[in-house]
>>> print(open('run_32.tsv').read())   # TSV, C-alpha atoms
chain	number	residue	atom	x	y	z
I	17	MET	CA	0.00	0.00	0.00
I	18	ALA	CA	2.82	2.39	0.82
I	19	THR	CA	4.41	1.69	-2.54
I	20	GLU	CA	1.14	2.33	-4.36
I	21	ALA	CA	0.65	5.56	-2.42
I	22	ASP	CA	4.17	6.69	-3.28
I	23	ASP	CA	3.56	5.90	-6.93
I	24	GLY	CA	0.38	7.96	-6.81
I	25	VAL	CA	2.22	10.93	-5.31
I	26	ARG	CA	4.96	10.70	-7.93
I	27	GLN	CA	2.37	10.49	-10.69
I	28	LEU	CA	0.62	13.60	-9.40
I	29	ARG	CA	3.92	15.47	-9.23
I	30	ARG	CA	4.69	14.51	-12.83
I	31	ALA	CA	1.20	15.61	-13.83
I	32	ARG	CA	1.75	18.98	-12.14
I	33	ILE	CA	5.04	19.48	-14.00
I	34	ALA	CA	3.40	18.46	-17.26
I	35	ILE	CA	0.41	20.80	-16.94
I	36	ALA	CA	2.78	23.62	-15.95
I	37	ALA	CA	4.73	22.97	-19.15
I	38	VAL	CA	1.47	23.08	-21.13
I	39	PHE	CA	0.70	26.51	-19.66
I	40	CYS	CA	4.21	27.62	-20.62
I	41	VAL	CA	3.83	26.47	-24.24
I	42	HIS	CA	0.44	28.19	-24.50
I	43	GLY	CA	1.87	31.46	-23.22
I	44	THR	CA	4.85	31.25	-25.57
I	45	VAL	CA	2.51	31.41	-28.56
I	46	THR	CA	0.95	34.61	-27.24
I	47	GLY	CA	4.32	36.24	-26.57
I	48	ASN	CA	5.59	35.45	-30.06
I	49	PHE	CA	2.47	36.93	-31.62
I	50	ALA	CA	2.19	40.09	-29.50
I	51	THR	CA	5.70	41.36	-30.23
I	52	ARG	CA	5.17	41.15	-33.99
I	53	VAL	CA	1.84	43.00	-34.13
I	54	PRO	CA	3.56	46.17	-35.46
I	55	TRP	CA	5.16	44.10	-38.26
I	56	ILE	CA	1.80	42.54	-39.13
I	57	GLN	CA	0.20	46.00	-39.21
I	58	ASP	CA	2.85	47.30	-41.60
I	59	HIS	CA	2.74	44.18	-43.77
I	60	THR	CA	-1.02	44.30	-44.24
I	61	GLY	CA	-1.09	48.10	-44.56
I	62	VAL	CA	-3.98	48.53	-42.12
I	63	SER	CA	-4.63	51.65	-40.07
I	64	THR	CA	-4.78	51.72	-36.28
I	65	GLY	CA	-8.57	51.51	-36.38
I	66	GLN	CA	-8.50	48.63	-38.87
I	67	LEU	CA	-5.98	46.80	-36.72
I	68	GLY	CA	-8.32	47.24	-33.77
I	69	LEU	CA	-11.14	45.78	-35.87
I	70	ALA	CA	-9.01	42.81	-36.86
I	71	LEU	CA	-8.04	42.20	-33.23
I	72	ALA	CA	-11.74	41.82	-32.40
I	73	PHE	CA	-11.87	38.60	-34.42
I	74	PRO	CA	-9.99	36.49	-31.87
I	75	ALA	CA	-12.73	37.43	-29.40
I	76	ILE	CA	-15.40	36.38	-31.87
I	77	GLY	CA	-13.69	33.10	-32.62
I	78	SER	CA	-13.11	32.37	-28.95
I	79	SER	CA	-16.64	33.25	-27.86
I	80	LEU	CA	-18.18	30.97	-30.49
I	81	THR	CA	-15.95	27.95	-29.94
I	82	MET	CA	-14.69	28.06	-26.34
I	83	PRO	CA	-17.83	26.37	-24.94
I	84	LEU	CA	-17.11	23.39	-27.22
I	85	SER	CA	-14.01	22.49	-25.22
I	86	GLY	CA	-15.99	20.65	-22.56
I	87	ALA	CA	-17.80	18.53	-25.13
I	88	ILE	CA	-14.51	17.69	-26.89
I	89	THR	CA	-12.93	16.66	-23.59
I	90	HIS	CA	-16.00	14.59	-22.72
I	91	ARG	CA	-15.74	12.68	-26.00
I	92	PHE	CA	-11.98	12.16	-26.34
I	93	GLY	CA	-10.71	12.32	-22.76
I	94	ALA	CA	-8.74	15.12	-21.11
I	95	ARG	CA	-5.24	14.20	-22.30
I	96	ARG	CA	-6.14	13.48	-25.93
I	97	ALA	CA	-8.36	16.55	-26.18
I	98	LEU	CA	-5.69	18.83	-24.73
I	99	ARG	CA	-3.02	17.43	-27.05
I	100	GLY	CA	-5.17	18.10	-30.12
I	101	LEU	CA	-6.42	21.52	-29.07
I	102	LEU	CA	-2.96	22.72	-28.05
I	103	ALA	CA	-1.55	21.59	-31.42
I	104	LEU	CA	-4.23	23.59	-33.25
I	105	TRP	CA	-3.30	26.67	-31.17
I	106	THR	CA	0.44	26.40	-31.76
I	107	LEU	CA	-0.04	25.87	-35.49
I	108	ALA	CA	-2.41	28.85	-35.68
I	109	LEU	CA	0.49	31.13	-34.70
I	110	ALA	CA	1.70	31.01	-38.31
I	111	LEU	CA	-1.54	32.34	-39.80
I	112	PRO	CA	-1.71	36.10	-38.97
I	113	ALA	CA	1.72	36.94	-40.39
I	114	LEU	CA	0.79	35.20	-43.67
I	115	ALA	CA	-2.25	37.43	-44.18
I	116	PRO	CA	-1.75	39.93	-47.05
I	117	ASN	CA	-4.69	42.25	-46.27
I	118	LEU	CA	-7.34	43.19	-43.72
I	119	TYR	CA	-9.86	40.51	-44.75
I	120	THR	CA	-7.46	37.59	-44.59
I	121	LEU	CA	-6.02	38.98	-41.34
I	122	CYS	CA	-9.50	38.95	-39.78
I	123	ALA	CA	-10.02	35.33	-40.90
I	124	ALA	CA	-6.62	34.29	-39.55
I	125	LEU	CA	-7.26	35.98	-36.21
I	126	PHE	CA	-10.68	34.30	-35.98
I	127	VAL	CA	-8.98	30.89	-36.16
I	128	PHE	CA	-6.23	32.14	-33.83
I	129	GLY	CA	-8.78	33.11	-31.17
I	130	ALA	CA	-10.89	29.97	-31.59
I	131	THR	CA	-7.96	27.63	-31.01
I	132	ALA	CA	-6.63	29.80	-28.18
I	133	GLY	CA	-9.92	29.71	-26.28
I	134	MET	CA	-10.59	25.99	-26.60
I	135	SER	CA	-7.08	24.99	-25.55
I	136	ASP	CA	-7.16	27.53	-22.69
I	137	VAL	CA	-10.34	26.03	-21.22
I	138	ALA	CA	-9.00	22.49	-21.55
I	139	MET	CA	-5.70	23.23	-19.78
I	140	ASN	CA	-7.35	25.25	-16.98
I	141	ALA	CA	-9.82	22.43	-16.33
I	142	LEU	CA	-6.94	19.97	-16.02
I	143	GLY	CA	-5.08	22.46	-13.83
I	144	VAL	CA	-8.02	22.68	-11.41
I	145	GLU	CA	-8.34	18.89	-11.32
I	146	THR	CA	-4.62	18.51	-10.64
I	147	GLU	CA	-4.86	21.10	-7.85
I	148	ASP	CA	-7.78	19.24	-6.27
I	149	ARG	CA	-5.89	15.94	-6.28
I	150	LEU	CA	-2.74	17.51	-4.85
I	151	GLY	CA	-4.74	19.16	-2.09
I	152	ARG	CA	-2.96	22.53	-2.30
I	153	SER	CA	-3.06	25.66	-4.41
I	154	ILE	CA	-1.14	25.61	-7.69
I	155	MET	CA	-3.29	27.75	-10.02
I	156	SER	CA	-1.38	31.01	-9.51
I	157	GLY	CA	1.85	29.15	-10.20
I	158	LEU	CA	0.37	27.60	-13.35
I	159	HIS	CA	-0.65	31.02	-14.59
I	160	GLY	CA	2.84	32.15	-13.70
I	161	MET	CA	4.18	29.49	-16.04
I	162	TRP	CA	1.89	30.88	-18.75
I	163	SER	CA	3.42	34.30	-18.17
I	164	ALA	CA	6.89	32.77	-18.20
I	165	GLY	CA	6.04	31.28	-21.58
I	166	ALA	CA	4.78	34.66	-22.78
I	167	LEU	CA	8.08	36.13	-21.59
I	168	ILE	CA	10.03	33.52	-23.54
I	169	GLY	CA	7.93	34.19	-26.63
I	170	SER	CA	8.18	37.96	-26.33
I	171	THR	CA	11.95	37.70	-25.85
I	172	ALA	CA	12.20	35.66	-29.03
I	173	GLY	CA	9.96	38.17	-30.78
I	174	THR	CA	12.01	41.10	-29.51
I	175	LEU	CA	15.19	39.50	-30.83
I	176	ALA	CA	13.56	38.73	-34.16
I	177	ALA	CA	12.25	42.30	-34.47
I	178	HIS	CA	15.66	43.73	-33.55
I	179	LEU	CA	17.36	41.59	-36.19
I	180	GLY	CA	14.72	42.47	-38.79
I	181	VAL	CA	13.59	38.86	-39.27
I	182	ASP	CA	10.48	38.48	-41.44
I	183	ALA	CA	7.60	37.62	-39.08
I	184	ARG	CA	6.37	34.95	-41.50
I	185	VAL	CA	9.62	33.04	-41.09
I	186	HIS	CA	9.75	33.71	-37.35
I	187	HIS	CA	6.22	32.46	-36.72
I	188	LEU	CA	6.49	29.40	-39.00
I	189	VAL	CA	9.59	28.23	-37.16
I	190	ALA	CA	8.08	29.01	-33.75
I	191	ALA	CA	4.84	27.18	-34.64
I	192	ALA	CA	6.74	24.04	-35.66
I	193	VAL	CA	8.88	24.00	-32.51
I	194	LEU	CA	5.99	24.70	-30.14
I	195	THR	CA	3.74	22.07	-31.75
I	196	ALA	CA	6.40	19.43	-31.15
I	197	LEU	CA	6.96	20.57	-27.56
I	198	GLY	CA	3.22	20.67	-26.88
I	199	ALA	CA	2.71	17.11	-28.08
I	200	LEU	CA	5.58	15.98	-25.86
I	201	VAL	CA	4.49	17.62	-22.60
I	202	CYS	CA	0.82	16.67	-23.00
I	203	GLY	CA	1.85	13.04	-22.55
I	204	GLY	CA	2.36	13.62	-18.83
I	205	VAL	CA	-0.93	15.31	-17.86
I	206	LEU	CA	-3.73	13.48	-16.05
I	207	ASP	CA	-5.55	11.08	-18.38
I	208	LEU	CA	-9.17	11.60	-17.34
I	209	HIS	CA	-12.21	10.11	-19.05
I	210	SER	CA	-15.92	10.65	-18.56
I	211	ALA	CA	-18.09	7.75	-17.44
I	212	PRO	CA	-19.87	6.04	-20.35
I	213	ASP	CA	-23.30	7.04	-19.04
I	214	GLU	CA	-22.30	10.62	-18.09
I	215	THR	CA	-24.35	13.36	-19.73
I	216	PRO	CA	-22.25	15.60	-22.02
I	217	PRO	CA	-21.74	19.13	-20.66
I	218	PRO	CA	-23.85	21.96	-22.10
I	219	ARG	CA	-22.37	23.96	-24.95
I	220	PHE	CA	-22.77	27.20	-23.01
I	221	ALA	CA	-22.25	27.46	-19.27
I	222	ARG	CA	-24.27	30.37	-17.97
I	223	PRO	CA	-22.61	31.74	-14.83
I	224	PRO	CA	-24.75	31.89	-11.69
I	225	ARG	CA	-25.56	35.31	-10.32
I	226	SER	CA	-23.11	34.82	-7.46
I	227	ALA	CA	-20.24	34.59	-9.97
I	228	LEU	CA	-21.09	37.66	-12.04
I	229	LEU	CA	-19.46	40.20	-9.72
I	230	ILE	CA	-16.36	38.02	-9.54
I	231	GLY	CA	-16.37	37.96	-13.33
I	232	LEU	CA	-16.57	41.75	-13.48
I	233	VAL	CA	-13.51	42.14	-11.24
I	234	ALA	CA	-11.62	39.67	-13.40
I	235	PHE	CA	-12.88	41.54	-16.49
I	236	CYS	CA	-11.09	44.69	-15.31
I	237	ALA	CA	-7.82	42.84	-14.77
I	238	VAL	CA	-7.89	40.88	-18.01
I	239	PHE	CA	-8.85	43.97	-20.02
I	240	ALA	CA	-5.78	45.77	-18.69
I	241	GLU	CA	-3.63	42.72	-19.36
I	242	GLY	CA	-4.88	42.19	-22.91
I	243	ALA	CA	-4.61	45.88	-23.81
I	244	SER	CA	-1.07	46.10	-22.48
I	245	LEU	CA	0.09	42.85	-24.05
I	246	ASP	CA	-1.13	43.64	-27.57
I	247	TRP	CA	-0.71	47.43	-27.65
I	248	SER	CA	2.36	48.21	-25.55
I	249	ALA	CA	4.73	47.78	-28.50
I	250	VAL	CA	2.55	49.93	-30.76
I	251	TYR	CA	2.18	52.55	-27.99
I	252	LEU	CA	5.97	52.83	-27.55
I	253	ARG	CA	6.54	53.05	-31.31
I	254	ASP	CA	3.76	55.49	-32.24
I	255	THR	CA	3.43	57.62	-29.09
I	256	MET	CA	6.97	57.56	-27.73
I	257	ASP	CA	8.81	57.32	-31.10
I	258	ALA	CA	10.73	54.30	-29.82
I	259	SER	CA	12.65	51.94	-32.11
I	260	ALA	CA	11.13	48.60	-33.15
I	261	GLY	CA	13.43	46.70	-30.80
I	262	LEU	CA	12.71	48.95	-27.80
I	263	ALA	CA	8.98	48.88	-28.53
I	264	ALA	CA	9.00	45.08	-28.53
I	265	ALA	CA	10.98	45.15	-25.27
I	266	SER	CA	8.06	46.90	-23.55
I	267	THR	CA	6.04	43.72	-24.02
I	268	THR	CA	8.91	41.79	-22.47
I	269	ALA	CA	8.91	44.07	-19.41
I	270	PHE	CA	5.18	43.56	-19.02
I	271	THR	CA	5.31	39.77	-19.26
I	272	LEU	CA	8.34	39.63	-16.94
I	273	THR	CA	6.47	41.20	-14.04
I	274	MET	CA	3.42	39.03	-14.76
I	275	ALA	CA	5.53	35.88	-14.64
I	276	VAL	CA	7.42	36.75	-11.44
I	277	VAL	CA	4.31	37.74	-9.48
I	278	ARG	CA	2.22	34.78	-10.59
I	279	ILE	CA	4.91	32.27	-9.75
I	280	ALA	CA	5.16	33.78	-6.25
I	281	GLY	CA	1.42	34.46	-6.04
I	282	ASP	CA	0.34	31.45	-3.98
I	283	LYS	CA	2.64	32.44	-1.10
I	284	VAL	CA	1.64	36.12	-1.32
I	285	VAL	CA	-2.06	35.33	-1.14
I	286	ASP	CA	-1.50	32.93	1.74
I	287	ARG	CA	0.31	35.70	3.65
I	288	PHE	CA	-1.96	38.67	2.95
I	289	GLY	CA	-5.27	37.22	1.77
I	290	ALA	CA	-7.04	37.57	-1.56
I	291	VAL	CA	-8.79	40.87	-0.88
I	292	ARG	CA	-5.74	42.80	0.28
I	293	THR	CA	-3.61	41.29	-2.50
I	294	VAL	CA	-6.04	42.36	-5.23
I	295	ARG	CA	-6.65	45.76	-3.66
I	296	CYS	CA	-2.92	46.54	-3.47
I	297	GLY	CA	-2.51	45.18	-6.98
I	298	GLY	CA	-5.21	47.54	-8.19
I	299	VAL	CA	-3.34	50.50	-6.70
I	300	LEU	CA	-0.12	49.45	-8.45
I	301	ALA	CA	-1.90	48.92	-11.76
I	302	THR	CA	-3.57	52.34	-11.50
I	303	VAL	CA	-0.23	54.00	-10.85
I	304	GLY	CA	1.18	52.11	-13.81
I	305	GLY	CA	-1.65	53.26	-16.05
I	306	LEU	CA	-1.07	56.88	-15.03
I	307	ALA	CA	2.64	56.46	-15.78
I	308	VAL	CA	1.83	55.22	-19.28
I	309	VAL	CA	-0.61	58.06	-19.96
I	310	LEU	CA	1.64	60.81	-18.56
I	311	ALA	CA	5.00	59.35	-19.64
I	312	PRO	CA	7.46	61.94	-21.02
I	313	GLY	CA	9.53	59.22	-22.67
I	314	PRO	CA	9.83	55.48	-23.40
I	315	ALA	CA	11.50	54.54	-20.11
I	316	VAL	CA	8.64	55.81	-17.93
I	317	ALA	CA	6.04	54.21	-20.22
I	318	MET	CA	7.83	50.86	-20.04
I	319	GLY	CA	7.88	51.14	-16.25
I	320	GLY	CA	4.16	51.87	-16.32
I	321	PHE	CA	3.43	48.74	-18.35
I	322	ALA	CA	5.54	46.72	-15.91
I	323	LEU	CA	3.48	48.08	-12.98
I	324	ILE	CA	0.24	47.19	-14.75
I	325	GLY	CA	1.50	43.64	-15.12
I	326	LEU	CA	2.53	43.57	-11.47
I	327	GLY	CA	-0.87	44.79	-10.32
I	328	VAL	CA	-3.16	42.49	-12.31
I	329	ALA	CA	-1.04	39.32	-12.24
I	330	VAL	CA	-2.84	37.23	-9.60
I	331	VAL	CA	-6.42	38.45	-10.13
I	332	VAL	CA	-7.46	35.80	-12.64
I	333	PRO	CA	-6.28	32.76	-10.61
I	334	LEU	CA	-8.03	34.20	-7.55
I	335	ALA	CA	-11.19	34.83	-9.58
I	336	PHE	CA	-11.30	31.20	-10.72
I	337	ALA	CA	-10.80	30.02	-7.15
I	338	ALA	CA	-13.49	32.36	-5.79
I	339	ALA	CA	-15.92	31.37	-8.56
I	340	GLY	CA	-15.54	27.72	-7.63
I	341	ARG	CA	-16.70	28.56	-4.10
I	342	SER	CA	-19.44	31.01	-5.07
I	343	GLY	CA	-22.35	28.64	-5.57
I	344	PRO	CA	-23.63	25.06	-5.60
I	345	ASN	CA	-22.14	24.25	-9.03
I	346	PRO	CA	-18.40	25.11	-9.02
I	347	SER	CA	-17.68	23.90	-12.57
I	348	GLN	CA	-20.50	25.98	-14.03
I	349	ALA	CA	-19.34	29.09	-12.16
I	350	ILE	CA	-15.72	28.61	-13.24
I	351	ALA	CA	-16.74	28.07	-16.87
I	352	GLY	CA	-18.92	31.18	-16.83
I	353	VAL	CA	-16.24	33.38	-15.27
I	354	ALA	CA	-13.69	31.94	-17.70
I	355	THR	CA	-15.89	33.03	-20.59
I	356	ILE	CA	-16.21	36.55	-19.17
I	357	THR	CA	-12.50	36.96	-18.45
I	358	TYR	CA	-11.22	35.42	-21.65
I	359	THR	CA	-13.60	37.46	-23.79
I	360	SER	CA	-12.42	40.56	-21.92
I	361	GLY	CA	-8.82	39.89	-22.86
I	362	LEU	CA	-9.72	39.41	-26.49
I	363	ILE	CA	-12.02	42.41	-26.90
I	364	ALA	CA	-9.57	44.71	-25.11
I	365	PRO	CA	-7.22	45.10	-28.10
I	366	SER	CA	-10.03	46.00	-30.50
I	367	THR	CA	-11.57	48.43	-28.00
I	368	ILE	CA	-8.20	50.11	-27.50
I	369	GLY	CA	-7.75	50.37	-31.27
I	370	GLY	CA	-11.23	51.79	-31.83
I	371	ILE	CA	-10.80	54.48	-29.16
I	372	ALA	CA	-7.32	55.28	-30.47
I	373	ASP	CA	-8.66	55.70	-33.98
I	374	LEU	CA	-11.23	58.22	-32.73
I	375	THR	CA	-8.91	59.97	-30.27
I	376	SER	CA	-5.44	58.63	-29.41
I	377	LEU	CA	-3.68	55.72	-27.73
I	378	VAL	CA	-3.12	57.95	-24.71
I	379	VAL	CA	-6.89	58.27	-24.23
I	380	SER	CA	-7.25	54.50	-24.73
I	381	PHE	CA	-4.92	53.80	-21.85
I	382	GLY	CA	-6.82	56.30	-19.75
I	383	LEU	CA	-9.66	53.74	-19.93
I	384	VAL	CA	-7.23	51.00	-18.87
I	385	THR	CA	-6.29	53.14	-15.85
I	386	LEU	CA	-9.94	53.53	-14.83
I	387	LEU	CA	-10.51	49.79	-15.05
I	388	ALA	CA	-7.41	49.16	-12.96
I	389	LEU	CA	-8.92	51.45	-10.32
I	390	GLY	CA	-11.97	49.19	-10.44
I	391	LEU	CA	-9.88	46.41	-8.89
I	392	VAL	CA	-9.48	48.51	-5.77
I	393	ALA	CA	-13.23	49.04	-5.52
I	394	GLY	CA	-14.24	45.47	-6.37
I	395	ALA	CA	-11.66	43.39	-4.49
I	396	GLU	CA	-14.11	42.67	-1.68
I	397	VAL	CA	-16.16	40.26	-3.85
I	398	LEU	CA	-13.27	37.79	-3.70
I	399	ARG	CA	-13.83	37.38	0.05
I	400	THR	CA	-15.53	33.99	-0.07
I	401	GLY	CA	-15.10	30.82	1.93
I	402	VAL	CA	-12.33	28.45	0.89
I	403	ARG	CA	-12.51	24.71	1.41
I	404	ALA	CA	-9.20	23.41	2.73
I	405	ARG	CA	-8.58	20.05	1.04
I	406	THR	CA	-7.04	16.94	2.40
I	407	ALA	CA	-4.39	15.07	0.44
I	408	GLY	CA	-7.19	13.05	-1.14
I	409	GLY	CA	-9.00	16.14	-2.33
I	410	GLY	CA	-11.84	16.14	0.22
I	411	ALA	CA	-13.06	19.25	2.00
I	412	ALA	CA	-11.80	19.49	5.54
I	413	LYS	CA	-12.69	22.94	6.86
I	414	ALA	CA	-13.52	26.41	5.72
I	415	ALA	CA	-11.67	29.69	6.16
I	416	PRO	CA	-12.17	33.17	4.72
I	417	VAL	CA	-10.03	33.83	1.67
I	418	GLY	CA	-9.65	37.44	2.64
I	419	SER	CA	-7.87	36.51	5.86
I	420	THR	CA	-4.17	35.85	6.14
I	421	ASP	CA	-4.79	32.35	7.50
I	422	ALA	CA	-6.72	31.17	4.44
I	423	ALA	CA	-5.95	27.63	3.39
I	424	PRO	CA	-3.43	27.44	0.55
>>> encode(input="run_32.tsv", output="structure tokens")
Amino acid sequence: MATEADDGVRQLRRARIAIAAVFCVHGTVTGNFATRVPWIQDHTGVSTGQLGLALAFPAIGSSLTMPLSGAITHRFGARRALRGLLALWTLALALPALAPNLYTLCAALFVFGATAGMSDVAMNALGVETEDRLGRSIMSGLHGMWSAGALIGSTAGTLAAHLGVDARVHHLVAAAVLTALGALVCGGVLDLHSAPDETPPPRFARPPRSALLIGLVAFCAVFAEGASLDWSAVYLRDTMDASAGLAAASTTAFTLTMAVVRIAGDKVVDRFGAVRTVRCGGVLATVGGLAVVLAPGPAVAMGGFALIGLGVAVVVPLAFAAAGRSGPNPSQAIAGVATITYTSGLIAPSTIGGIADLTSLVVSFGLVTLLALGLVAGAEVLRTGVRARTAGGGAAKAAPVGSTDAAP
């Protein structure tokens, strides 16, 4: 029995490493794409407003297809579904840079968003299941690995932009490498299957009322994250007259702070509680937004983007955790909040572009600053009970998340 128990622990540890690697691969795709948005804009010859329109299509693709992830997992099993969906996402990286005009760019970004959303839901569901079986919090760390991947991707993109590498070549090579890595690491995740008589999940999970406020708080954080990730390079280039290499480096600074804070996030939340962590993060993100808007030069703007990343980093993992404790059906609440937050991140770039086309990018990031301030006002909704889990995943006791003695 002891040997079997030890084998089970080792298997769970391998599964945790594997799902963390999946998050890293997923984030690397985003980082590679975000740093080459200025190149794609120049290549297709679209205006700022047209680019904003094109960047709405990932949101459309994601919103229409993300609810299908549960049905795909139900049919094929968690490991097989994740392997296939992640491969579609990594391969989709090559599409936007190949687009010659606005119409093909919109179609490419539709596919890009659809594959991103489905694979994102699948890996988060496996992350939550792995966390439950381990009996301790790992979600902030997993999201930290996503940010680490985005940092790796943005670093590669920054180097490619600095060297003047054609984004079509850059993204084709990156897509091939990441597809191979994704297939490899998916082999170690939990291999879960639905019972033969289990009813397939609904195609759309409507969030319960108790989860809506949590979703709104997460909406503010993800909007700021998505806007900064996709527009920071363009902001530095167009507003601050920065070089292509320096502009791409602003995305790297943003993802660096996101990665560091998320990896350390579980310990921070355990020490200070969810409410205080999010409230302080909202203050930092607001200061960062003001620095971007009022920046006299590239250095201050880059520091502002870094502060935004620092402030919003742990909000999404905490929102998922709070949603799971907000009502009688945790999976439905998590799925609903995931839809709200993910859609926020994908509509943010198009909203920023639309406002910038009518006014300026400075005004657009004024909106980001206001939403960051919303984290300060709304942090209290994350004060929900947390079920401390035993090693077997069962609930043992309850403690307030907002307190410093909340269960990890």
>>> atom_distance(input="run_32.tsv", atom1="atom CA of I:Val205", atom2="atom CA of I:Ala164")
19.1 Å
>>> closest_residue(input="run_32.tsv", among="I:Gly261, I:Gly297, I:Gly47, I:Gly160", to="I:Leu391", atoms="all atoms listed in the file")
I:Gly297
>>> atom_distance(input="run_32.tsv", atom1="atom CA of I:Gly320", atom2="atom CA of I:Ile368")
16.8 Å
>>> closest_residue(input="run_32.tsv", among="I:Ala322, I:Leu150, I:Val41, I:Ala335", to="I:Ser266", atoms="all atoms listed in the file")
I:Ala322
>>> closest_residue(input="run_32.tsv", among="I:Leu84, I:Ala172, I:Ala307, I:Val238", to="I:Ala190", atoms="all atoms listed in the file")
I:Ala172
>>> atom_distance(input="run_32.tsv", atom1="atom CA of I:Ser170", atom2="atom CA of I:Ser153")
27.5 Å
>>> closest_residue(input="run_32.tsv", among="I:Ser85, I:Thr357, I:Thr271, I:Ser366", to="I:Ala339", atoms="all atoms listed in the file")
I:Thr357
>>> residues_around(input="run_32.tsv", residues="I:Ala34", least_positions_apart="2", cutoff="9 Å", atoms="all atoms listed in the file", output="JSON, numbers by chain")
{"I": [29, 30, 31, 32, 36, 37, 38, 39, 201, 202, 203, 204, 205, 206]}
>>> closest_residue(input="run_32.tsv", among="I:Asp282, I:Ala264, I:Gln27, I:Ala110", to="I:Leu179", atoms="all atoms listed in the file")
I:Ala264
>>> residues_around(input="run_32.tsv", residues="I:Met274", least_positions_apart="5", cutoff="6 Å", atoms="all atoms listed in the file", output="short mmCIF file (atom, residue, chain, number, x, y, z; two decimals) with C-alpha atoms, in the coordinates of the input")
data_model
loop_
_atom_site.label_atom_id
_atom_site.label_comp_id
_atom_site.auth_asym_id
_atom_site.auth_seq_id
_atom_site.Cartn_x
_atom_site.Cartn_y
_atom_site.Cartn_z
CA SER I 163 3.42 34.30 -18.17
CA GLY I 325 1.50 43.64 -15.12
CA LEU I 326 2.53 43.57 -11.47
CA ALA I 329 -1.04 39.32 -12.24
#
>>> residues_around(input="run_32.tsv", residues="I:Thr44", least_positions_apart="2", cutoff="8 Å", atoms="all atoms listed in the file", output="list of chain:residue names")
I:Cys40, I:Val41, I:His42, I:Thr46, I:Gly47, I:Asn48, I:Trp162, I:Ala164, I:Gly165, I:Ala166, I:Leu167, I:Ile168, I:Gly169, I:Ser170
>>> write_last_selection(input="run_32.tsv", atoms="C-alpha atoms", output="compact mmCIF listing (two decimals), in the frame of the given file")
# COMPACT_ATOMS: atom_id res chain seq x y z
CA CYS I 40 4.21 27.62 -20.62
CA VAL I 41 3.83 26.47 -24.24
CA HIS I 42 0.44 28.19 -24.50
CA THR I 46 0.95 34.61 -27.24
CA GLY I 47 4.32 36.24 -26.57
CA ASN I 48 5.59 35.45 -30.06
CA TRP I 162 1.89 30.88 -18.75
CA ALA I 164 6.89 32.77 -18.20
CA GLY I 165 6.04 31.28 -21.58
CA ALA I 166 4.78 34.66 -22.78
CA LEU I 167 8.08 36.13 -21.59
CA ILE I 168 10.03 33.52 -23.54
CA GLY I 169 7.93 34.19 -26.63
CA SER I 170 8.18 37.96 -26.33
>>> closest_residue(input="run_32.tsv", among="I:Leu245, I:Ile324, I:Ile154, I:Val127", to="I:Asp286", atoms="all atoms listed in the file")
I:Ile154
>>> closest_atom_pairs(input="run_32.tsv", of="stretch 215-319 of chain I", to="stretch 50-62 of chain I", cutoff="10 Å", atoms="all atoms listed in the file", output="JSON lines")
{"residue": "I:Gly242", "atom": "CA", "partner": "I:Ala50", "partner_atom": "CA", "distance": 9.9}
{"residue": "I:Ser244", "atom": "CA", "partner": "I:Ala50", "partner_atom": "CA", "distance": 9.8}
{"residue": "I:Leu245", "atom": "CA", "partner": "I:Ala50", "partner_atom": "CA", "distance": 6.5}
{"residue": "I:Asp246", "atom": "CA", "partner": "I:Ala50", "partner_atom": "CA", "distance": 5.2}
{"residue": "I:Trp247", "atom": "CA", "partner": "I:Ala50", "partner_atom": "CA", "distance": 8.1}
{"residue": "I:Ser248", "atom": "CA", "partner": "I:Thr51", "partner_atom": "CA", "distance": 8.9}
{"residue": "I:Ala249", "atom": "CA", "partner": "I:Thr51", "partner_atom": "CA", "distance": 6.7}
{"residue": "I:Val250", "atom": "CA", "partner": "I:Pro54", "partner_atom": "CA", "distance": 6.1}
{"residue": "I:Tyr251", "atom": "CA", "partner": "I:Pro54", "partner_atom": "CA", "distance": 9.9}
{"residue": "I:Arg253", "atom": "CA", "partner": "I:Pro54", "partner_atom": "CA", "distance": 8.6}
{"residue": "I:Asp254", "atom": "CA", "partner": "I:Pro54", "partner_atom": "CA", "distance": 9.9}
{"residue": "I:Ala260", "atom": "CA", "partner": "I:Pro54", "partner_atom": "CA", "distance": 8.3}
{"residue": "I:Gly261", "atom": "CA", "partner": "I:Thr51", "partner_atom": "CA", "distance": 9.4}
{"residue": "I:Ala263", "atom": "CA", "partner": "I:Thr51", "partner_atom": "CA", "distance": 8.4}
{"residue": "I:Ala264", "atom": "CA", "partner": "I:Thr51", "partner_atom": "CA", "distance": 5.3}
{"residue": "I:Ala265", "atom": "CA", "partner": "I:Thr51", "partner_atom": "CA", "distance": 8.2}
{"residue": "I:Ser266", "atom": "CA", "partner": "I:Thr51", "partner_atom": "CA", "distance": 9.0}
{"residue": "I:Thr267", "atom": "CA", "partner": "I:Thr51", "partner_atom": "CA", "distance": 6.7}
{"residue": "I:Thr268", "atom": "CA", "partner": "I:Thr51", "partner_atom": "CA", "distance": 8.4}
>>> residues_near_point(input="run_32.tsv", point="(-2.3, 17.1, -24.9)", cutoff="10 Å", atoms="all atoms listed in the file", output="PyMOL selection string")
chain I and resi 34-35+38+93-103+135+138-139+198-207
